[in-house]
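Asker: This is target_25.txt, which holds compact mmCIF, C-alpha atoms:
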# COMPACT_ATOMS: atom_id res chain seq x y z
CA MET A 253 86.45 112.56 86.44
CA GLU A 254 88.85 114.58 88.60
CA PRO A 255 90.04 112.78 91.76
CA VAL A 256 89.05 114.25 95.11
CA GLN A 257 91.66 116.79 96.22
CA TYR A 258 93.05 116.07 99.67
CA SER A 259 92.35 118.52 102.47
CA TYR A 260 94.88 119.66 105.07
CA GLU A 261 93.20 117.38 107.62
CA ASP A 262 93.79 114.41 105.32
CA PHE A 263 97.53 115.07 105.44
CA ALA A 264 97.44 115.25 109.25
CA ARG A 265 95.64 111.91 109.62
CA LEU A 266 98.75 109.71 109.34
CA PRO A 267 101.00 111.46 111.91
CA THR A 268 98.14 111.88 114.41
CA THR A 269 97.09 108.23 114.04
CA VAL A 270 100.64 106.99 114.64
CA PHE A 271 100.89 108.94 117.90
CA TRP A 272 97.48 107.72 119.03
CA ILE A 273 99.04 104.24 119.20
CA MET A 274 100.78 105.31 122.42
CA GLY A 275 97.88 107.45 123.65
CA TYR A 276 99.41 110.82 122.73
CA ASP A 277 97.23 113.44 121.04
CA MET A 278 99.43 115.96 119.25
CA LEU A 279 96.72 118.36 118.08
CA GLY A 280 94.39 118.25 121.09
CA VAL A 281 91.40 116.87 119.17
CA PRO A 282 88.23 117.18 121.30
CA LYS A 283 87.21 113.86 122.88
CA THR A 284 84.65 112.62 125.35
CA ARG A 285 85.63 112.58 129.02
CA SER A 286 85.81 108.77 129.12
CA ARG A 287 88.09 108.65 126.07
CA ARG A 288 90.37 111.32 127.56
CA ILE A 289 90.70 109.28 130.74
CA LEU A 290 91.45 106.07 128.80
CA TYR A 291 94.06 107.86 126.68
CA TRP A 292 95.64 109.37 129.77
CA ILE A 293 95.79 105.97 131.56
CA TYR A 294 97.29 104.25 128.52
CA ARG A 295 99.81 107.04 127.99
CA PHE A 296 100.77 106.87 131.68
CA LEU A 297 101.25 103.07 131.44
CA CYS A 298 103.53 103.46 128.41
CA LEU A 299 105.64 106.13 130.12
CA ALA A 300 105.75 104.25 133.45
CA SER A 301 106.74 100.98 131.76
CA HIS A 302 109.41 102.82 129.80
CA GLY A 303 110.77 104.33 133.02
CA VAL A 304 110.82 100.95 134.79
CA CYS A 305 112.56 99.22 131.89
CA VAL A 306 115.19 101.94 131.53
CA GLY A 307 115.79 101.83 135.30
CA VAL A 308 116.27 98.04 135.30
CA MET A 309 118.55 98.28 132.26
CA VAL A 310 120.76 100.88 133.98
CA PHE A 311 120.85 98.70 137.11
CA ARG A 312 122.04 95.67 135.08
CA MET A 313 124.73 97.77 133.42
CA VAL A 314 125.99 99.11 136.75
CA GLU A 315 125.78 95.66 138.33
CA ALA A 316 127.66 94.19 135.31
CA LYS A 317 127.15 90.60 136.50
CA THR A 318 124.81 89.41 133.74
CA ILE A 319 126.59 91.06 130.79
CA ASP A 320 129.15 88.36 130.17
CA ASN A 321 129.60 88.03 126.39
CA VAL A 322 130.10 90.11 123.24
CA SER A 323 126.58 89.43 121.98
CA LEU A 324 125.04 90.87 125.15
CA ILE A 325 127.36 93.87 125.07
CA MET A 326 126.18 94.69 121.54
CA ARG A 327 122.58 94.07 122.60
CA TYR A 328 122.90 96.57 125.44
CA ALA A 329 124.67 99.05 123.16
CA THR A 330 121.73 98.79 120.75
CA LEU A 331 119.22 99.35 123.53
CA VAL A 332 121.05 102.35 124.99
CA THR A 333 121.40 104.13 121.62
CA TYR A 334 117.79 103.37 120.64
CA ILE A 335 116.47 104.65 123.97
CA ILE A 336 118.48 107.88 123.63
CA ASN A 337 117.22 108.25 120.06
CA SER A 338 113.57 107.67 120.98
CA ASP A 339 113.61 109.81 124.13
CA THR A 340 115.24 112.67 122.22
CA LYS A 341 112.45 112.57 119.65
CA PHE A 342 109.78 112.23 122.32
CA ALA A 343 111.16 115.30 124.10
CA THR A 344 110.92 117.15 120.77
CA VAL A 345 107.24 116.38 120.24
CA LEU A 346 106.43 117.44 123.80
CA GLN A 347 106.63 121.00 122.42
CA GLY A 348 102.89 120.74 121.90
CA SER A 349 102.07 124.46 121.75
CA ALA A 350 104.84 125.17 119.20
CA ILE A 351 103.76 122.23 117.03
CA GLN A 352 100.09 123.24 117.20
CA SER A 353 101.02 126.84 116.34
CA LEU A 354 103.01 125.76 113.26
CA ASN A 355 100.20 123.41 112.29
CA SER A 356 97.65 126.25 112.49
CA LYS A 357 99.82 128.55 110.35
CA LEU A 358 100.22 125.90 107.67
CA ALA A 359 96.50 125.09 107.80
CA GLU A 360 95.70 128.78 107.10
CA LEU A 361 98.09 128.79 104.14
CA TYR A 362 96.79 125.54 102.63
CA PRO A 363 94.77 125.99 99.38
CA LYS A 364 91.07 126.26 100.26
CA THR A 365 89.25 125.81 96.94
CA THR A 366 89.32 122.75 94.71
CA LEU A 367 90.80 124.77 91.82
CA ASP A 368 93.55 126.08 94.07
CA ARG A 369 94.35 122.55 95.25
CA ILE A 370 94.47 121.30 91.68
CA TYR A 371 96.80 124.17 90.75
CA HIS A 372 99.11 123.41 93.68
CA ARG A 373 98.89 119.68 92.86
CA VAL A 374 98.27 118.81 96.47
CA ASN A 375 97.53 115.17 95.62
CA ASP A 376 101.10 114.78 94.30
CA HIS A 377 102.38 115.71 97.76
CA TYR A 378 100.12 113.35 99.67
CA TRP A 379 101.54 110.34 101.54
CA THR A 380 102.42 107.69 98.98
CA LYS A 381 101.43 104.07 99.47
CA SER A 382 105.11 103.11 99.63
CA PHE A 383 105.65 105.55 102.50
CA VAL A 384 102.62 104.22 104.41
CA TYR A 385 103.90 100.66 103.83
CA LEU A 386 107.31 101.73 105.16
CA VAL A 387 105.70 103.02 108.38
CA ILE A 388 103.69 99.79 108.73
CA ILE A 389 106.78 97.64 108.10
CA TYR A 390 108.82 99.69 110.60
CA ILE A 391 106.20 99.29 113.32
CA GLY A 392 105.60 95.67 112.31
CA SER A 393 109.29 94.73 112.45
CA SER A 394 109.55 96.41 115.85
CA ILE A 395 106.56 94.40 117.06
CA MET A 396 108.20 91.23 115.75
CA VAL A 397 111.33 92.02 117.79
CA VAL A 398 109.13 91.99 120.91
CA ILE A 399 106.86 89.04 120.11
CA GLY A 400 109.56 87.00 118.35
CA PRO A 401 110.76 85.39 121.62
CA ILE A 402 107.28 84.20 122.61
CA ILE A 403 106.74 82.84 119.09
CA THR A 404 110.03 80.94 119.45
CA SER A 405 108.86 79.64 122.85
CA ILE A 406 105.56 78.46 121.35
CA ILE A 407 107.36 76.74 118.47
CA ALA A 408 109.66 75.02 120.99
CA TYR A 409 106.59 73.87 122.94
CA PHE A 410 105.01 72.23 119.90
CA THR A 411 108.27 70.74 118.60
CA HIS A 412 109.99 69.73 121.85
CA ASN A 413 107.12 69.87 124.39
CA VAL A 414 109.00 72.52 126.37
CA PHE A 415 107.94 76.15 126.75
CA ILE A 416 111.24 78.01 127.22
CA TYR A 417 109.81 81.34 128.47
CA MET A 418 111.90 83.59 126.24
CA HIS A 419 111.30 87.35 126.27
CA CYS A 420 112.69 90.36 124.47
CA TYR A 421 115.00 92.38 126.70
CA PRO A 422 118.02 90.83 128.47
CA TYR A 423 117.83 92.99 131.58
CA PHE A 424 114.78 91.10 132.92
CA LEU A 425 115.80 87.76 134.47
CA TYR A 426 113.13 85.06 134.66
CA ASP A 427 113.61 81.55 136.01
CA PRO A 428 110.57 79.32 135.21
CA GLU A 429 111.58 76.87 137.91
CA LYS A 430 111.51 79.48 140.66
CA ASP A 431 109.29 82.33 139.43
CA PRO A 432 105.51 82.10 138.89
CA VAL A 433 103.98 82.56 135.42
CA TRP A 434 102.39 85.90 136.32
CA ILE A 435 105.88 87.43 136.60
CA TYR A 436 106.63 86.30 133.04
CA ILE A 437 103.34 87.83 131.86
CA SER A 438 104.14 91.06 133.73
CA ILE A 439 107.61 91.20 132.16
CA TYR A 440 106.11 90.80 128.70
CA ALA A 441 103.49 93.51 129.36
CA LEU A 442 106.23 95.90 130.52
CA GLU A 443 108.35 95.10 127.46
CA TRP A 444 105.41 95.63 125.11
CA LEU A 445 104.48 99.05 126.52
CA HIS A 446 108.15 100.07 126.77
CA SER A 447 108.68 99.11 123.13
CA THR A 448 105.51 100.96 122.07
CA GLN A 449 106.75 104.15 123.74
CA MET A 450 110.14 103.93 122.00
CA VAL A 451 109.01 102.84 118.53
CA ILE A 452 106.16 105.33 118.18
CA SER A 453 108.29 108.19 119.55
CA ASN A 454 110.98 107.28 117.04
CA ILE A 455 108.93 106.99 113.86
CA GLY A 456 106.17 109.40 114.91
CA ALA A 457 108.44 112.41 115.44
CA ASP A 458 109.98 111.94 111.98
CA ILE A 459 106.53 111.69 110.38
CA TRP A 460 105.56 115.02 111.94
CA LEU A 461 108.80 116.56 110.70
CA LEU A 462 108.15 115.25 107.17
CA TYR A 463 104.51 116.33 107.33
CA PHE A 464 105.45 119.96 108.01
CA GLN A 465 108.31 119.90 105.49
CA VAL A 466 106.04 118.51 102.76
CA GLN A 467 103.60 121.38 103.35
CA ILE A 468 106.34 124.02 103.07
CA ASN A 469 107.72 122.37 99.93
CA LEU A 470 104.22 122.36 98.42
CA HIS A 471 104.01 126.15 98.73
CA PHE A 472 107.49 126.74 97.32
CA ARG A 473 106.44 124.74 94.28
CA GLY A 474 103.31 126.88 94.08
CA ILE A 475 105.42 130.06 94.02
CA ILE A 476 107.64 128.67 91.24
CA ARG A 477 104.62 127.61 89.16
CA SER A 478 102.89 130.98 89.67
CA LEU A 479 105.95 132.88 88.46
CA GLU A 480 106.34 130.62 85.44
CA ASP A 481 102.69 131.04 84.44
CA HIS A 482 102.28 134.77 85.01
CA LYS A 483 102.90 137.22 82.14
CA PRO A 484 103.07 140.83 83.38
CA SER A 485 102.42 143.90 81.26
CA VAL A 486 102.37 147.65 81.84
CA LYS A 487 98.75 147.56 80.62
CA HIS A 488 97.65 145.82 83.85
CA ASP A 489 100.46 146.99 86.10
CA GLN A 490 98.35 147.41 89.23
CA GLU A 491 97.13 143.79 89.14
CA ASP A 492 100.67 142.61 88.39
CA ARG A 493 102.09 144.44 91.39
CA LYS A 494 99.41 142.99 93.67
CA PHE A 495 100.29 139.53 92.35
CA ILE A 496 104.04 139.91 92.84
CA ALA A 497 103.59 141.56 96.26
CA LYS A 498 101.66 138.45 97.38
CA ILE A 499 104.53 136.27 96.12
CA VAL A 500 107.06 138.37 98.09
CA ASP A 501 104.94 138.11 101.25
CA LYS A 502 104.48 134.39 100.79
CA GLN A 503 108.21 133.86 100.32
CA VAL A 504 108.90 135.72 103.57
CA HIS A 505 106.17 133.74 105.34
CA LEU A 506 107.58 130.40 104.15
CA VAL A 507 111.05 131.33 105.41
CA SER A 508 109.47 132.16 108.77
CA LEU A 509 107.62 128.81 108.81
CA GLN A 510 110.84 126.95 108.01
CA ASN A 511 112.55 128.75 110.88
CA ASP A 512 109.69 127.65 113.15
CA LEU A 513 110.16 124.07 111.94
CA ASN A 514 113.90 124.23 112.59
CA GLY A 515 113.22 125.73 116.00
CA ILE A 516 111.07 122.73 116.96
CA PHE A 517 113.02 119.85 115.42
CA GLY A 518 116.47 121.31 114.72
CA LYS A 519 117.73 121.20 118.31
CA SER A 520 117.33 117.44 118.52
CA LEU A 521 117.86 116.57 114.86
CA LEU A 522 121.64 116.24 115.06
CA LEU A 523 121.46 113.92 118.07
CA SER A 524 118.65 111.96 116.40
CA LEU A 525 120.72 111.40 113.25
CA LEU A 526 123.81 110.36 115.22
CA THR A 527 121.91 107.96 117.48
CA THR A 528 120.00 106.49 114.52
CA ALA A 529 123.34 105.80 112.83
CA ALA A 530 124.59 104.25 116.09
CA VAL A 531 121.48 102.04 116.28
CA ILE A 532 122.04 100.88 112.69
CA CYS A 533 125.68 100.04 113.50
CA THR A 534 124.99 98.13 116.72
CA VAL A 535 121.95 96.29 115.33
CA ALA A 536 123.93 95.30 112.21
CA VAL A 537 126.81 93.93 114.29
CA TYR A 538 124.46 92.16 116.71
CA THR A 539 122.60 90.56 113.77
CA LEU A 540 125.86 89.37 112.19
CA ILE A 541 126.92 87.83 115.52
CA GLN A 542 123.55 86.10 116.07
CA GLY A 543 123.41 84.58 112.61
CA PRO A 544 120.29 83.38 110.71
CA THR A 545 117.56 83.39 113.38
CA LEU A 546 114.00 84.76 113.54
CA GLU A 547 115.33 87.63 115.66
CA GLY A 548 118.09 88.26 113.13
CA PHE A 549 115.59 88.34 110.25
CA THR A 550 113.36 90.90 112.01
CA TYR A 551 116.43 93.02 112.79
CA VAL A 552 117.45 93.01 109.11
CA ILE A 553 114.02 94.42 108.21
CA PHE A 554 114.33 96.92 111.06
CA ILE A 555 117.73 98.11 109.77
CA GLY A 556 116.30 98.59 106.27
CA THR A 557 113.38 100.70 107.50
CA SER A 558 115.68 102.72 109.80
CA VAL A 559 117.95 103.56 106.86
CA MET A 560 114.90 104.62 104.81
CA GLN A 561 113.74 106.75 107.75
CA VAL A 562 117.02 108.70 107.75
CA TYR A 563 116.98 108.90 103.95
CA LEU A 564 113.50 110.46 103.84
CA VAL A 565 114.40 113.15 106.37
CA CYS A 566 117.49 114.02 104.31
CA TYR A 567 115.57 113.77 101.02
CA TYR A 568 112.91 116.30 102.05
CA GLY A 569 115.62 118.50 103.53
CA GLN A 570 117.29 118.43 100.11
CA GLN A 571 113.97 119.30 98.46
CA VAL A 572 113.39 122.50 100.43
CA LEU A 573 117.01 123.50 99.77
CA ASP A 574 116.55 123.01 96.02
CA LEU A 575 113.09 124.55 95.79
CA SER A 576 114.04 127.73 97.66
CA GLY A 577 116.90 128.17 95.17
CA GLU A 578 114.67 127.40 92.17
CA VAL A 579 112.56 130.44 93.05
CA ALA A 580 115.40 132.63 91.75
CA HIS A 581 115.61 130.56 88.54
CA ALA A 582 111.86 130.94 88.09
CA VAL A 583 112.30 134.74 88.28
CA TYR A 584 115.20 134.65 85.77
CA ASN A 585 113.07 132.62 83.35
CA HIS A 586 110.04 134.79 84.04
CA ASP A 587 108.69 136.75 81.05
CA PHE A 588 109.05 140.18 82.68
CA HIS A 589 110.16 142.24 79.67
CA ASP A 590 106.84 144.08 79.31
CA ALA A 591 106.50 144.67 83.08
CA SER A 592 106.82 148.04 84.79
CA ILE A 593 109.92 149.17 86.71
CA ALA A 594 108.06 148.80 90.01
CA TYR A 595 107.23 145.17 89.15
CA LYS A 596 110.85 144.44 88.27
CA ARG A 597 111.96 145.84 91.64
CA TYR A 598 109.73 143.28 93.34
CA LEU A 599 111.40 140.57 91.26
CA LEU A 600 114.79 141.81 92.42
CA ILE A 601 113.65 141.46 96.06
CA ILE A 602 112.62 137.84 95.41
CA ILE A 603 115.97 137.06 93.75
CA ILE A 604 117.98 138.59 96.62
CA ARG A 605 116.03 136.63 99.21
CA ALA A 606 116.32 133.42 97.19
CA GLN A 607 120.12 133.71 97.34
CA GLN A 608 119.90 132.74 101.01
CA PRO A 609 118.84 129.10 100.84
CA VAL A 610 115.99 127.93 103.01
CA GLU A 611 117.04 124.70 104.69
CA LEU A 612 116.18 122.10 107.23
CA ASN A 613 119.05 122.30 109.66
CA ALA A 614 120.24 120.72 112.89
CA MET A 615 121.38 122.97 115.74
CA GLY A 616 121.36 125.92 113.35
CA TYR A 617 124.51 124.95 111.46
CA LEU A 618 124.26 121.46 109.91
CA SER A 619 122.17 121.51 106.74
CA ILE A 620 120.15 118.30 106.30
CA SER A 621 120.45 117.09 102.71
CA LEU A 622 121.29 114.00 100.66
CA ASP A 623 124.97 114.74 101.24
CA THR A 624 124.28 114.38 104.96
CA PHE A 625 122.74 110.95 104.30
CA LYS A 626 125.74 109.83 102.22
CA GLN A 627 128.19 110.93 104.91
CA LEU A 628 126.14 109.26 107.64
CA MET A 629 125.94 105.94 105.78
CA SER A 630 129.63 106.08 104.92
CA VAL A 631 130.60 106.59 108.57
CA SER A 632 128.15 103.85 109.66
CA TYR A 633 129.69 101.36 107.24
CA ARG A 634 133.20 102.13 108.51
CA VAL A 635 132.08 101.76 112.14
CA ILE A 636 130.38 98.40 111.42
CA THR A 637 133.55 97.15 109.68
CA MET A 638 135.73 98.33 112.57
CA LEU A 639 133.49 96.70 115.21
CA MET A 640 133.42 93.38 113.34
CA GLN A 641 137.22 93.39 113.07
CA MET A 642 137.55 94.12 116.80
CA ILE A 643 135.16 91.30 117.71
CA GLN A 644 136.80 88.76 115.41
Give the structure from the file, written as structure tokens.

Answerer:
Amino acid sequence: MEPVQYSYEDFARLPTTVFWIMGYDMLGVPKTRSRRILYWIYRFLCLASHGVCVGVMVFRMVEAKTIDNVSLIMRYATLVTYIINSDTKFATVLQGSAIQSLNSKLAELYPKTTLDRIYHRVNDHYWTKSFVYLVIIYIGSSIMVVIGPIITSIIAYFTHNVFIYMHCYPYFLYDPEKDPVWIYISIYALEWLHSTQMVISNIGADIWLLYFQVQINLHFRGIIRSLEDHKPSVKHDQEDRKFIAKIVDKQVHLVSLQNDLNGIFGKSLLLSLLTTAAVICTVAVYTLIQGPTLEGFTYVIFIGTSVMQVYLVCYYGQQVLDLSGEVAHAVYNHDFHDASIAYKRYLLIIIIRAQQPVELNAMGYLSISLDTFKQLMSVSYRVITMLMQMIQ
């Protein structure tokens, strides 16, 4: 029995669900009035908490009285780079109309019939379990960073009969002997909502980028398969020309869609990659300084998922680069010997256009590929080594 072929809406479920966690609806799905109000309130609380936390952090950095050791310096460096990274990505996804427009165009292009979906092998492009687990682990490790201190405090209470009132971020100062408990609870609520805003912005924006790139890659594979399977002949030249004209139009349309994708995400992609690398460096150094603690363990998991996050963006960027070039190879290997001259001219158009690679790029000049990932990781390793030598 054939498995159920995924619809376009099935692909969209993961990225939309992730953004719902912070009350943000990317596609404007109709909701009841009460749900809209609840989403708006929750979204406002996340943004307001984020603004308060960033403001307090900046105040502590300007004040410079409480940052008195290397560990705290690295902690603040991690927070600053992660905030820049997350806010950059959040600013990107605020382009709601552009994202919805690209989403609508890809929805129209998506195979409608079951046979078409089988031919395009849409199920092979669907979110893998390993990718979903990666998203869950990323969000889970980020949650552990926030709730780790209170878990440590609870453990201390049961082992030493003392609740030590630890919390996540160093820029909030709490003295249990002077301050009431409600202040501690308020601090933790602010930290939780602040963290939610940053984490979901960070991972959610990349999921939307991958979601759109997967759809474009799916159609490039469809073009390649169609060319490989089609056998033209002068006997049915009119049908052949209609077929190849559709391929030419689709190739042009996919290039246009990729340009739309680059227009939405490309402006912030370079900064996102650089700040992600900076986060990896500062978190790695901070973890090495802290040693084997619960916080250190959660940070190790966080580093691993962050590296995979960068890798996946570069991997799918490499895919579209390769697939757009493979279109020309599919034409070369195409059995066009019995085709008419007019048909062969269409093939020449496809080959010429395929010579200009379609790519995911940052700022219009940096192509995102596996080479980008290698260079980024190489630089990150050198920076981590340099920082550790400076500290020691």

Asker: Considering all atoms listed in the file, return as a VMD selection string whatever protein or nucleic-acid residues lie within 9 Å of Leu324 in chain A, sequence-local ones (same chain, fewer than 5 positions apart) excluded.

Answerer: chain A and resid 318 to 319 329 422 538

Asker: Grab the residues selected above and save them as a CSV table (one decimal), in the coordinates of the input with C-alpha atoms.

Answerer:
chain,number,residue,atom,x,y,z
A,318,THR,CA,124.8,89.4,133.7
A,319,ILE,CA,126.6,91.1,130.8
A,329,ALA,CA,124.7,99.0,123.2
A,422,PRO,CA,118.0,90.8,128.5
A,538,TYR,CA,124.5,92.2,116.7

Asker: Kindly indicate which residue among A:Leu600, A:Cys298, A:Leu522, A:Val500 lies nearest to Tyr617 in chain A, using all atoms listed in the file for the distances.

Answerer: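 Of all the options, A:Leu522 lies closest to Tyr617 in chain A.
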
Asker: Closest to Tyr551 in chain A among A:Thr344, A:Ser478, A:Ser394, A:Ser349, using all atoms listed in the file?

Answerer: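 Using all atoms listed in the file, Tyr551 in chain A sits closest to A:Ser394.
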
Asker: Between A:Ile439, A:Val433, A:Leu470, A:Met560, single out the one closest to Ala529 in chain A, counting only C-alpha atoms.

Answerer: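 Residue with the minimum atom-to-atom distance to Ala529 in chain A: A:Met560.
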
Asker: Considering only C-alpha atoms, can you say which of A:Ile336, A:Ile459, A:Ala408, A:Leu361 comes closest to Ser524 in chain A?

Answerer: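 Checking each candidate against Ser524 in chain A, we get A:Ile336 as the closest.
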
Asker: Between CA of Arg373 in chain A and CA of Leu462 in chain A, measure the distance and give it in Å to one decimal.

Answerer: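 CA of Arg373 in chain A sits 17.6 Å away from CA of Leu462 in chain A.
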
Asker: Which value, in Å to one decimal, gives the distance between CA of Ile407 in chain A and CA of Cys420 in chain A?

Answerer: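 It comes out at 15.8 Å.
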
Asker: Quick one: everything within 9 Å of Ala300 in chain A, counting only C-alpha atoms, minus sequence neighbours fewer than 6 positions away in the same chain. Send it as a VMD selection string.

Answerer: chain A and resid 442 445 to 446

Asker: Pick the closest to Arg605 in chain A from A:Ser592, A:Ile499, A:Ile555, A:Gly569: which is it, counting only C-alpha atoms?

Answerer: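 Of all the options, A:Ile499 lies closest to Arg605 in chain A.
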
Asker: Near Val562 in chain A, within 9 Å and counting all atoms listed in the file, which residues show up once chain neighbours fewer than 3 positions away are dropped, as a list in words?

Answerer: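 Using all atoms listed in the file, the neighbours found are Asp458, Leu525, Thr528, Ala529, Thr557, Ser558, Val559, Val565, Cys566, Tyr567 and Phe625 of chain A.
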
Asker: If you measure from CA of Phe472 in chain A to CA of Arg493 in chain A, what distance in Å do you get, rounded to one decimal?

Answerer: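 Separation of CA of Phe472 in chain A and CA of Arg493 in chain A: 19.4 Å.
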
Asker: In file coordinates, which residues lie within 8 Å of (109.6, 96.3, 110.7) using only C-alpha atoms, given as a list in words?

Answerer: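 So the residues meeting the distance criterion are Ile388, Ile389, Tyr390, Ile391, Gly392, Ser393, Ser394, Ile395, Met396, Thr550, Tyr551, Ile553, Phe554 and Thr557 of chain A.
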
Asker: Let me see the file: selected residues, C-alpha atoms, as an mmCIF file, in the frame of the given file.

Answerer:
data_model
loop_
_atom_site.group_PDB
_atom_site.id
_atom_site.type_symbol
_atom_site.label_atom_id
_atom_site.label_comp_id
_atom_site.auth_asym_id
_atom_site.auth_seq_id
_atom_site.Cartn_x
_atom_site.Cartn_y
_atom_site.Cartn_z
ATOM 1 C CA ILE A 388 103.690 99.790 108.730
ATOM 2 C CA ILE A 389 106.780 97.640 108.100
ATOM 3 C CA TYR A 390 108.820 99.690 110.600
ATOM 4 C CA ILE A 391 106.200 99.290 113.320
ATOM 5 C CA GLY A 392 105.600 95.670 112.310
ATOM 6 C CA SER A 393 109.290 94.730 112.450
ATOM 7 C CA SER A 394 109.550 96.410 115.850
ATOM 8 C CA ILE A 395 106.560 94.400 117.060
ATOM 9 C CA MET A 396 108.200 91.230 115.750
ATOM 10 C CA THR A 550 113.360 90.900 112.010
ATOM 11 C CA TYR A 551 116.430 93.020 112.790
ATOM 12 C CA ILE A 553 114.020 94.420 108.210
ATOM 13 C CA PHE A 554 114.330 96.920 111.060
ATOM 14 C CA THR A 557 113.380 100.700 107.500
#

Asker: Would you list the contacts of Phe424 in chain A as a PDB file with C-alpha atoms, in the coordinates of the input, taking every protein, DNA or RNA residue within 10 Å and counting only C-alpha atoms, but skipping same-chain residues closer than 3 positions in sequence?

Answerer:
ATOM      1  CA  CYS A 305     112.560  99.220 131.890  1.00  0.00           C
ATOM      2  CA  VAL A 308     116.270  98.040 135.300  1.00  0.00           C
ATOM      3  CA  MET A 309     118.550  98.280 132.260  1.00  0.00           C
ATOM      4  CA  ARG A 312     122.040  95.670 135.080  1.00  0.00           C
ATOM      5  CA  HIS A 419     111.300  87.350 126.270  1.00  0.00           C
ATOM      6  CA  CYS A 420     112.690  90.360 124.470  1.00  0.00           C
ATOM      7  CA  TYR A 421     115.000  92.380 126.700  1.00  0.00           C
ATOM      8  CA  TYR A 436     106.630  86.300 133.040  1.00  0.00           C
ATOM      9  CA  ILE A 439     107.610  91.200 132.160  1.00  0.00           C
ATOM     10  CA  TYR A 440     106.110  90.800 128.700  1.00  0.00           C
ATOM     11  CA  GLU A 443     108.350  95.100 127.460  1.00  0.00           C
TER      12      GLU A 443
END

Asker: Counting all atoms listed in the file, which of A:Tyr409, A:Phe549, A:Tyr598, A:Phe415 gets nearest to Lys494 in chain A?

Answerer: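 Of the candidates, the smallest distance to Lys494 in chain A is held by A:Tyr598.
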
Asker: Quick one: residues within 10 Å of Ser621 in chain A, all atoms listed in the file, excluding same-chain residues fewer than 6 positions away - as a PyMOL selection string?

Answerer: chain A and resi 563-574+611-613

Asker: Once you count all atoms listed in the file, what closest atom pair and distance in Å to one decimal does each residue of range 516-588 of chain A within 12 Å of range 479-489 of chain A have, with rows by chain and rising residue number, as a tab-separated table?

Answerer:
residue	atom	partner	partner_atom	distance
A:Glu578	CA	A:Leu479	CA	10.9
A:Val579	CA	A:Leu479	CA	8.4
A:Ala580	CA	A:Leu479	CA	10.0
A:His581	CA	A:Glu480	CA	9.8
A:Ala582	CA	A:Glu480	CA	6.1
A:Val583	CA	A:Leu479	CA	6.6
A:Tyr584	CA	A:Glu480	CA	9.7
A:Asn585	CA	A:Glu480	CA	7.3
A:His586	CA	A:Glu480	CA	5.7
A:Asp587	CA	A:Lys483	CA	5.9
A:Phe588	CA	A:Pro484	CA	6.1

Asker: Given the block above, output range 310-321 of chain A with N, CA and C atoms as a compact mmCIF listing (two decimals), in the first residue's frame.

Answerer:
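Listed below is the output, part_37.txt:
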# COMPACT_ATOMS: atom_id res chain seq x y z
N VAL A 310 22.44 45.79 29.28
CA VAL A 310 23.22 46.94 28.82
C VAL A 310 23.61 47.83 30.01
N PHE A 311 22.68 48.01 30.94
CA PHE A 311 22.96 48.82 32.14
C PHE A 311 24.11 48.22 32.94
N ARG A 312 24.09 46.89 33.14
CA ARG A 312 25.16 46.22 33.89
C ARG A 312 26.51 46.36 33.19
N MET A 313 26.47 46.30 31.85
CA MET A 313 27.72 46.42 31.10
C MET A 313 28.29 47.84 31.19
N VAL A 314 27.41 48.83 31.14
CA VAL A 314 27.85 50.23 31.26
C VAL A 314 28.33 50.51 32.68
N GLU A 315 27.58 49.98 33.65
CA GLU A 315 27.93 50.16 35.06
C GLU A 315 29.26 49.50 35.38
N ALA A 316 29.46 48.28 34.85
CA ALA A 316 30.73 47.52 34.94
C ALA A 316 31.18 47.21 36.37
N LYS A 317 30.26 47.27 37.33
CA LYS A 317 30.64 46.98 38.71
C LYS A 317 30.52 45.49 39.05
N THR A 318 29.59 44.81 38.40
CA THR A 318 29.32 43.41 38.74
C THR A 318 30.05 42.42 37.82
N ILE A 319 30.69 42.93 36.78
CA ILE A 319 31.42 42.04 35.85
C ILE A 319 32.88 42.05 36.29
N ASP A 320 33.22 41.13 37.18
CA ASP A 320 34.52 41.22 37.84
C ASP A 320 35.42 39.99 37.67
N ASN A 321 35.05 39.09 36.72
CA ASN A 321 35.93 37.94 36.46
C ASN A 321 35.79 37.48 35.02
